[in-house]
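As provided, model16.txt (compact mmCIF, C-alpha atoms) reads as follows.
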# COMPACT_ATOMS: atom_id res chain seq x y z
CA MET G 1 -206.87 58.01 8.87
CA ASN G 2 -206.35 54.27 8.58
CA TRP G 3 -209.74 52.78 7.94
CA LEU G 4 -210.66 49.20 8.61
CA MET G 5 -213.76 47.58 7.10
CA LEU G 6 -215.65 45.67 9.76
CA THR G 7 -218.25 43.14 8.59
CA LEU G 8 -220.64 41.44 11.02
CA VAL G 9 -223.42 38.97 10.26
CA GLY G 10 -225.71 36.96 12.49
CA GLU G 11 -229.27 36.10 13.40
CA ASP G 12 -231.22 39.30 13.88
CA GLN G 13 -232.21 40.45 17.36
CA PRO G 14 -232.80 43.82 18.99
CA GLY G 15 -229.67 45.58 20.29
CA ILE G 16 -227.02 44.40 17.82
CA VAL G 17 -226.12 47.88 16.56
CA ALA G 18 -226.20 49.38 20.03
CA GLN G 19 -223.91 46.76 21.56
CA VAL G 20 -221.43 46.65 18.67
CA THR G 21 -221.10 50.44 18.42
CA ASP G 22 -220.87 50.78 22.21
CA ALA G 23 -217.88 48.42 22.23
CA LEU G 24 -216.27 50.47 19.45
CA TYR G 25 -216.97 53.75 21.21
CA ARG G 26 -215.49 52.51 24.48
CA GLY G 27 -212.46 51.31 22.53
CA GLY G 28 -211.88 54.82 21.16
CA CYS G 29 -212.88 54.05 17.58
CA THR G 30 -214.35 56.49 15.07
CA LEU G 31 -217.04 55.28 12.70
CA GLY G 32 -217.21 56.25 9.04
CA GLU G 33 -219.73 55.25 6.39
CA SER G 34 -221.81 52.16 7.04
CA SER G 35 -224.53 50.00 5.60
CA MET G 36 -226.68 47.88 7.89
CA ILE G 37 -229.68 45.85 6.90
CA ARG G 38 -231.71 42.76 7.73
CA LEU G 39 -231.39 40.11 5.03
CA GLY G 40 -233.32 36.86 5.33
CA GLY G 41 -233.68 37.15 9.11
CA ASN G 42 -229.98 37.89 9.55
CA PHE G 43 -228.61 41.27 10.40
CA SER G 44 -225.63 42.43 8.35
CA ILE G 45 -223.29 45.30 9.10
CA MET G 46 -220.55 46.77 6.92
CA MET G 47 -218.86 49.65 8.63
CA MET G 48 -215.76 51.78 8.21
CA VAL G 49 -213.93 51.95 11.56
CA ASP G 50 -210.92 54.00 12.50
CA GLY G 51 -209.09 54.74 15.69
CA GLY G 52 -205.55 54.11 14.59
CA HIS G 53 -206.07 50.53 15.69
CA ALA G 54 -204.30 47.52 14.34
CA GLU G 55 -206.56 44.75 13.07
CA GLN G 56 -205.75 42.68 16.15
CA THR G 57 -206.78 45.46 18.55
CA LEU G 58 -210.11 45.84 16.79
CA THR G 59 -210.56 42.06 16.83
CA ASN G 60 -210.03 42.09 20.61
CA LEU G 61 -212.63 44.84 20.99
CA ILE G 62 -215.27 43.13 18.87
CA ALA G 63 -214.76 39.47 19.83
CA PRO G 64 -216.58 39.59 23.20
CA VAL G 65 -219.67 41.34 21.84
CA ALA G 66 -219.73 39.14 18.73
CA ASP G 67 -219.55 36.07 20.95
CA ARG G 68 -222.38 37.33 23.13
CA LEU G 69 -224.62 38.08 20.12
CA GLN G 70 -223.54 35.04 18.06
CA LEU G 71 -222.23 37.20 15.21
CA LYS G 72 -219.54 36.27 12.73
CA PHE G 73 -217.18 39.07 11.91
CA HIS G 74 -214.36 39.96 9.60
CA ILE G 75 -211.88 42.85 9.49
CA ASP G 76 -209.95 44.17 6.49
CA PRO G 77 -207.71 47.18 6.13
CA ILE G 78 -208.95 49.34 3.23
CA HIS G 79 -207.37 52.05 1.12
CA GLY G 80 -210.57 54.12 0.90
CA GLY G 81 -211.54 57.21 2.81
CA LEU G 82 -214.44 59.55 3.48
CA HIS G 83 -215.78 62.23 1.13
CA ARG G 84 -215.51 60.09 -1.96
CA HIS G 85 -219.20 60.09 -2.79
CA ARG G 86 -220.25 59.73 -6.35
CA VAL G 87 -223.66 61.06 -7.32
CA PRO G 88 -225.75 58.62 -9.39
CA ASN G 89 -227.17 59.80 -12.70
CA PHE G 90 -229.21 56.68 -13.52
CA GLN G 91 -231.66 54.42 -11.76
CA VAL G 92 -232.60 50.95 -12.96
CA ARG G 93 -235.65 49.06 -11.72
CA VAL G 94 -236.25 45.41 -12.40
CA ASN G 95 -239.23 43.36 -11.35
CA GLY G 96 -240.96 40.23 -12.40
CA ALA G 97 -241.12 36.49 -11.90
CA ASP G 98 -238.04 35.22 -10.07
CA ARG G 99 -235.69 33.41 -12.45
CA ALA G 100 -232.04 32.35 -12.39
CA GLY G 101 -229.53 34.73 -13.89
CA ILE G 102 -231.54 37.94 -13.94
CA VAL G 103 -229.06 39.89 -11.80
CA ALA G 104 -226.09 38.64 -13.80
CA LYS G 105 -227.76 39.55 -17.09
CA VAL G 106 -228.90 43.03 -16.07
CA THR G 107 -225.63 44.01 -14.39
CA GLY G 108 -223.64 42.39 -17.22
CA ALA G 109 -225.45 44.51 -19.81
CA LEU G 110 -224.86 47.62 -17.70
CA ALA G 111 -221.18 46.83 -17.17
CA GLU G 112 -220.71 46.55 -20.95
CA CYS G 113 -221.85 50.19 -21.16
CA GLY G 114 -219.37 51.28 -18.50
CA PHE G 115 -222.13 51.64 -15.87
CA ASN G 116 -220.72 51.89 -12.33
CA ILE G 117 -223.14 50.49 -9.71
CA LEU G 118 -223.18 52.68 -6.61
CA GLU G 119 -226.07 50.99 -4.83
CA LEU G 120 -228.05 47.83 -5.43
CA ALA G 121 -230.89 46.45 -3.36
CA SER G 122 -232.85 43.37 -4.26
CA ASP G 123 -235.61 41.37 -2.68
CA VAL G 124 -237.69 38.29 -3.31
CA VAL G 125 -241.31 38.95 -2.42
CA GLY G 126 -244.69 37.38 -3.10
CA ASP G 127 -244.96 33.81 -1.81
CA SER G 128 -242.96 30.61 -2.27
CA GLU G 129 -245.40 29.41 -4.96
CA LYS G 130 -244.98 32.51 -7.09
CA PRO G 131 -241.85 34.38 -6.01
CA VAL G 132 -241.37 37.86 -7.45
CA TYR G 133 -237.98 39.47 -7.81
CA ILE G 134 -237.55 43.22 -7.28
CA MET G 135 -234.26 45.07 -7.73
CA THR G 136 -233.27 48.72 -7.81
CA ILE G 137 -229.87 49.94 -8.92
CA GLN G 138 -228.47 53.42 -8.73
CA GLY G 139 -225.30 54.17 -10.60
CA TYR G 140 -223.21 56.40 -12.74
CA ALA G 141 -222.52 56.14 -16.46
CA GLU G 142 -221.19 58.50 -19.10
CA ALA G 143 -223.32 56.71 -21.69
CA GLU G 144 -226.56 58.21 -23.04
CA ILE G 145 -229.82 56.78 -21.72
CA GLU G 146 -230.71 55.49 -25.21
CA THR G 147 -227.53 53.34 -25.22
CA LEU G 148 -228.39 51.87 -21.83
CA GLU G 149 -232.01 51.30 -22.85
CA SER G 150 -231.04 49.34 -25.93
CA ALA G 151 -228.54 47.29 -23.91
CA LEU G 152 -231.27 46.38 -21.40
CA GLN G 153 -234.13 45.85 -23.81
CA PRO G 154 -233.30 42.25 -24.81
CA LEU G 155 -233.58 41.29 -21.12
CA ALA G 156 -237.12 42.52 -20.84
CA VAL G 157 -238.87 39.27 -21.64
CA GLU G 158 -242.52 38.44 -21.16
CA ASP G 159 -242.72 38.46 -17.39
CA ILE G 160 -239.78 40.71 -16.43
CA ASP G 161 -239.83 44.47 -16.56
CA VAL G 162 -236.58 46.40 -16.80
CA HIS G 163 -236.77 50.15 -16.66
CA ILE G 164 -234.02 52.76 -16.61
CA SER G 165 -234.50 56.45 -15.88
CA SER G 166 -232.07 59.30 -15.51
CA VAL G 167 -231.67 60.85 -12.08
CA GLU G 168 -231.22 64.60 -12.01
CA THR G 169 -229.96 65.44 -8.54
CA LEU G 170 -231.32 68.74 -7.35
CA ILE G 171 -228.84 71.05 -5.63
CA GLY G 172 -230.57 73.90 -3.78
CA MET V 1 -221.95 92.94 -5.64
CA ALA V 2 -220.42 90.34 -3.40
CA ILE V 3 -220.26 86.59 -2.95
CA LEU V 4 -221.76 85.80 0.44
CA GLU V 5 -220.73 83.06 2.80
CA ILE V 6 -222.97 79.96 2.60
CA LEU V 7 -223.95 78.67 6.03
CA LYS V 8 -223.37 74.98 6.47
CA LEU V 9 -224.83 72.31 8.70
CA PRO V 10 -224.90 72.34 11.76
CA ASP V 11 -225.24 76.15 11.80
CA PRO V 12 -228.34 76.80 13.98
CA ARG V 13 -229.38 79.72 11.73
CA LEU V 14 -230.40 77.16 9.08
CA LYS V 15 -233.09 75.93 11.48
CA GLN V 16 -234.79 79.30 12.01
CA LEU V 17 -238.16 80.42 10.70
CA ALA V 18 -237.49 83.34 8.32
CA ASP V 19 -239.39 86.65 8.48
CA GLU V 20 -241.64 88.08 5.82
CA VAL V 21 -240.15 90.79 3.57
CA VAL V 22 -241.97 94.11 4.05
CA ARG V 23 -239.59 96.66 2.48
CA PHE V 24 -239.11 96.39 -1.27
CA ASP V 25 -236.26 98.90 -1.51
CA ASP V 26 -232.78 99.29 -3.01
CA GLU V 27 -231.24 97.48 -0.07
CA LEU V 28 -233.39 94.41 -0.88
CA HIS V 29 -232.45 94.61 -4.57
CA GLY V 30 -228.76 94.82 -3.68
CA PHE V 31 -229.06 91.76 -1.46
CA ILE V 32 -230.86 89.78 -4.19
CA ALA V 33 -228.02 90.60 -6.63
CA ASP V 34 -225.51 89.29 -4.09
CA LEU V 35 -227.60 86.18 -3.46
CA GLU V 36 -227.67 85.41 -7.19
CA GLU V 37 -223.93 85.99 -7.49
CA THR V 38 -223.43 83.56 -4.59
CA ARG V 39 -225.65 80.93 -6.28
CA GLN V 40 -223.69 81.28 -9.52
CA ALA V 41 -220.35 81.00 -7.73
CA GLY V 42 -221.07 77.62 -6.15
CA PRO V 43 -221.64 74.15 -7.56
CA ALA V 44 -224.52 74.25 -10.13
CA ALA V 45 -227.36 75.02 -7.71
CA VAL V 46 -230.83 75.50 -9.25
CA GLY V 47 -231.94 77.50 -6.25
CA ILE V 48 -230.84 79.39 -3.19
CA ALA V 49 -232.72 80.84 -0.21
CA ALA V 50 -231.77 83.91 1.86
CA PRO V 51 -231.38 81.94 5.14
CA GLN V 52 -228.54 79.97 3.49
CA VAL V 53 -226.43 83.13 3.60
CA GLY V 54 -227.58 84.11 7.08
CA ARG V 55 -230.39 86.53 6.16
CA SER V 56 -233.53 85.34 7.90
CA GLN V 57 -236.01 86.61 5.32
CA ARG V 58 -238.41 84.92 2.92
CA ILE V 59 -236.48 85.33 -0.35
CA VAL V 60 -235.76 82.57 -2.87
CA ILE V 61 -234.01 82.48 -6.24
CA LEU V 62 -234.87 79.64 -8.61
CA ASP V 63 -233.60 78.78 -12.08
CA CYS V 64 -234.35 75.35 -13.54
CA SER V 65 -233.61 76.38 -17.13
CA THR V 66 -230.14 74.87 -17.26
CA THR V 67 -230.63 71.24 -16.18
CA ARG V 68 -228.78 68.50 -18.07
CA LYS V 69 -232.07 67.17 -19.44
CA PRO V 70 -234.51 70.06 -20.04
CA VAL V 71 -237.49 70.16 -17.65
CA PRO V 72 -240.65 72.32 -17.63
CA ASN V 73 -239.66 75.61 -15.98
CA HIS V 74 -240.39 79.32 -15.65
CA GLY V 75 -236.79 80.40 -16.18
CA TYR V 76 -235.02 82.67 -13.72
CA LEU V 77 -237.32 83.57 -10.83
CA ILE V 78 -236.96 85.79 -7.80
CA LEU V 79 -239.64 84.83 -5.30
CA VAL V 80 -240.28 87.08 -2.34
CA ASN V 81 -242.59 85.80 0.40
CA PRO V 82 -243.42 82.66 -1.62
CA GLU V 83 -246.29 80.55 -0.40
CA ILE V 84 -247.33 77.13 -1.68
CA THR V 85 -251.11 77.17 -1.93
CA GLU V 86 -251.81 73.78 -3.54
CA TRP V 87 -250.07 70.40 -3.63
CA ASP V 88 -250.81 67.43 -5.87
CA GLY V 89 -249.25 63.99 -6.26
CA PHE V 90 -245.94 62.84 -4.84
CA GLU V 91 -242.64 61.78 -6.30
CA LEU V 92 -239.31 60.53 -5.00
CA GLY V 93 -236.20 62.36 -6.14
CA ARG V 94 -232.59 62.88 -5.20
CA GLU V 95 -231.50 66.13 -3.59
CA GLY V 96 -228.37 67.80 -2.33
CA CYS V 97 -227.83 71.22 -0.82
CA LEU V 98 -225.22 73.98 -0.77
CA SER V 99 -225.59 73.95 3.02
CA VAL V 100 -225.04 70.18 3.31
CA PRO V 101 -221.90 69.53 1.24
CA ASP V 102 -220.85 66.05 0.12
CA TYR V 103 -224.22 64.38 0.65
CA THR V 104 -227.25 63.55 -1.49
CA GLY V 105 -230.35 61.61 -0.55
CA ASN V 106 -233.89 60.73 -1.56
CA VAL V 107 -236.81 62.95 -0.60
CA ILE V 108 -240.54 62.74 -1.38
CA ARG V 109 -242.06 65.97 -2.73
CA ALA V 110 -245.35 67.01 -4.29
CA GLU V 111 -245.34 66.57 -8.08
CA ARG V 112 -247.38 69.67 -8.89
CA ILE V 113 -247.81 72.84 -6.85
CA LYS V 114 -249.32 76.29 -7.06
CA VAL V 115 -247.23 79.13 -5.68
CA ARG V 116 -248.17 82.66 -4.77
CA SER V 117 -245.34 85.13 -4.32
CA GLN V 118 -244.15 88.68 -4.80
CA ASP V 119 -241.39 89.98 -7.04
CA PRO V 120 -238.62 92.35 -5.85
CA GLN V 121 -240.96 95.32 -6.49
CA GLY V 122 -243.69 93.82 -4.32
CA GLU V 123 -246.02 92.87 -7.19
CA ASP V 124 -248.07 89.68 -6.75
CA HIS V 125 -247.59 86.65 -9.01
CA GLU V 126 -248.90 83.10 -9.23
CA PHE V 127 -247.14 80.11 -10.74
CA GLU V 128 -248.06 76.52 -11.46
CA MET V 129 -245.02 74.29 -11.24
CA GLU V 130 -244.43 70.60 -11.86
CA GLY V 131 -241.72 68.00 -11.49
CA PHE V 132 -238.17 69.17 -10.97
CA GLU V 133 -239.04 72.87 -10.68
CA ALA V 134 -241.80 72.11 -8.16
CA ARG V 135 -239.27 70.02 -6.20
CA ALA V 136 -236.72 72.85 -6.25
CA LEU V 137 -239.27 75.37 -4.99
CA GLN V 138 -240.34 73.05 -2.16
CA HIS V 139 -236.68 72.57 -1.20
CA GLU V 140 -236.14 76.35 -1.07
CA VAL V 141 -239.38 77.15 0.79
CA ASP V 142 -238.29 74.57 3.37
CA HIS V 143 -235.18 76.72 3.97
CA LEU V 144 -237.50 79.63 4.83
CA ASP V 145 -239.17 77.40 7.41
CA GLY V 146 -235.89 76.17 8.91
CA ILE V 147 -236.13 72.72 7.32
CA LEU V 148 -233.33 70.97 5.42
CA PHE V 149 -233.76 68.10 2.95
CA ILE V 150 -231.98 65.82 5.40
CA ASP V 151 -234.96 66.35 7.71
CA ARG V 152 -237.12 64.69 5.05
CA LEU V 153 -234.90 61.79 3.92
CA VAL V 154 -236.59 58.50 3.17
CA SER V 155 -235.05 55.04 3.26
CA ARG V 156 -233.34 53.81 0.13
CA ARG V 157 -235.63 50.81 0.30
CA THR V 158 -238.67 53.05 0.15
CA ASP V 159 -237.85 53.32 -3.50
CA LEU V 160 -238.95 49.73 -4.00
CA PHE V 161 -242.51 50.86 -3.45
CA GLN V 162 -242.72 53.11 -6.46
CA ARG V 163 -246.01 54.60 -7.52
CA LYS V 164 -245.20 54.49 -11.23
CA VAL V 165 -246.78 51.89 -13.47
CA TYR V 166 -244.27 49.50 -14.98
CA GLN V 167 -244.88 48.62 -18.57
CA LYS V 168 -244.57 45.08 -19.80
CA GLY V 169 -241.54 44.60 -21.97
CA GLY V 170 -239.55 47.19 -20.07
CA LYS V 171 -239.60 50.01 -22.56
CA LYS V 172 -242.15 52.72 -23.07
Take the structure from the file and write it as structure tokens.
Amino acid sequence: MNWLMLTLVGEDQPGIVAQVTDALYRGGCTLGESSMIRLGGNFSIMMMVDGGHAEQTLTNLIAPVADRLQLKFHIDPIHGGLHRHRVPNFQVRVNGADRAGIVAKVTGALAECGFNILELASDVVGDSEKPVYIMTIQGYAEAEIETLESALQPLAVEDIDVHISSVETLIG
Amino acid sequence: MAILEILKLPDPRLKQLADEVVRFDDELHGFIADLEETRQAGPAAVGIAAPQVGRSQRIVILDCSTTRKPVPNHGYLILVNPEITEWDGFELGREGCLSVPDYTGNVIRAERIKVRSQDPQGEDHEFEMEGFEARALQHEVDHLDGILFIDRLVSRRTDLFQRKVYQKGGKK
């Protein structure tokens, strides 16, 4: 299969997913893995699309619906494929007062330990007076939890909590 | 002894309610030996339920004694007609399944349970389980009721609303 990565972003409204995927379905495309979420009132889609289409053909399929819904989109050929899941063995949770550089520091410390981020979700909650930052990371590392803990500990300052736990995935 | 075929999604037999075991005979013991051999043959599963090999009966094998990080457990258990009689607390954890290859996801389960069951001779037993072992048992009992973990998936973002108390300074 020749997968293309389709990215769409635009102001959120009901029906975006339905209209985009309907256009793809009618165009004979197959969908692979995807991630879709509302971020700051915008809806974002990242989706693996196949159908043996050239980039231009997919562009022609998506352009009318993107126009109609006021979405920006982007298409890239990718080398990846399905069935390449990696199971996380660690979870990191960060929360506290919002401050510049927290993501860079936490992920930098993890990267030094060879930690591979598989999923990251972050949010700013609370109110504009006292914003609170919350982030969860799931990833894979060969390192021991003690090594990761000591790498993260210097980041845990007065009003930020950083916590790492191992994830034992149950197979049953 | 034989390695049995594991049924995989979307096999409709995985969605059936399994029958109670009433005959505790040599045939049952032979089947249990095969079920264990099948569990051992696959990818490191801590449990297996009879419906996963196409036998619609309430039989479960559980062994949480070999996890990467040791967890409280009762060792190797054969549970016939298991019944969860009490539930307490809830916890999010990652699960996969022999019958749903190449996928893992987050599921909420009770943290502590009481279980009443019979052994292969028909004798009654009661167990109190917690954490990972309690999760594994709930996963397997679900198989007896025609439920897969993918029927209980929760959003990745649900994880942001954790019940655990974060400690200041990040480290316990």
Neighbours of chain V in chain G at 10 Å, counting only C-alpha atoms, as a VMD selection string
chain G and resid 82 to 89 93 to 96 119 to 123 134 to 136 149 to 150 152 to 164 166 to 172
Atom CA of Pro120 of chain V to atom CA of Ser65 of chain V, distance in Å rounded to a single decimal
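The value is 20.2 Å.
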Exercise: segment 24-33 of chain V partners within 8 Å, all atoms listed in the file, chain neighbours under 4 positions left out, as a CSV table (one decimal) with C-alpha atoms, keeping the file's coordinate frame:
chain,number,residue,atom,x,y,z
V,1,MET,CA,-222.0,92.9,-5.6
V,37,GLU,CA,-223.9,86.0,-7.5
V,120,PRO,CA,-238.6,92.4,-5.8
V,121,GLN,CA,-241.0,95.3,-6.5
V,122,GLY,CA,-243.7,93.8,-4.3
Looking at G:Gly101, G:Gly40, G:Pro77, G:Gly139, which one is nearest to Val124 of chain G, with distances taken over all atoms listed in the file?
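Residue with the minimum atom-to-atom distance to Val124 of chain G: G:Gly40.
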Ranking V:Leu14, V:Val60, V:Ala2, V:Ile78 by minimum distance to Ala41 of chain V and counting all atoms listed in the file, which one comes first?
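Once distances to Ala41 of chain V are computed over all atoms listed in the file, the minimum belongs to V:Ala2.
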Selection near Pro12 of chain V, 12 Å with all atoms listed in the file, sequence-local residues under 2 positions removed, as a count of residues only
16
How would you write as a list in words the residues that get within 8 Å of (-246.4, 88.0, -4.9) in the file's frame, counting all atoms listed in the file?
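Here is the list of nearby residues: Leu79, Val80, Asn81, Pro82, Arg116, Ser117, Gln118, Asp119, Gly122, Glu123, Asp124, His125 and Glu126 of chain V.
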Between atom CA of Val154 of chain V and atom CA of Ser128 of chain G, what is the distance, to one decimal in Å?
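Atom CA of Ser128 of chain G lies 29.1 Å from atom CA of Val154 of chain V.
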Which value, in Å to one decimal, gives the distance between atom CA of Ile113 of chain V and atom CA of Glu128 of chain V?
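Separation between atom CA of Ile113 of chain V and atom CA of Glu128 of chain V: 5.9 Å.
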Counting all atoms listed in the file, which of G:Leu71, G:Met1, G:Met36, G:Ala97 gets nearest to Asp50 of chain G?
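For Asp50 of chain G, the nearest of the candidates is G:Met1.
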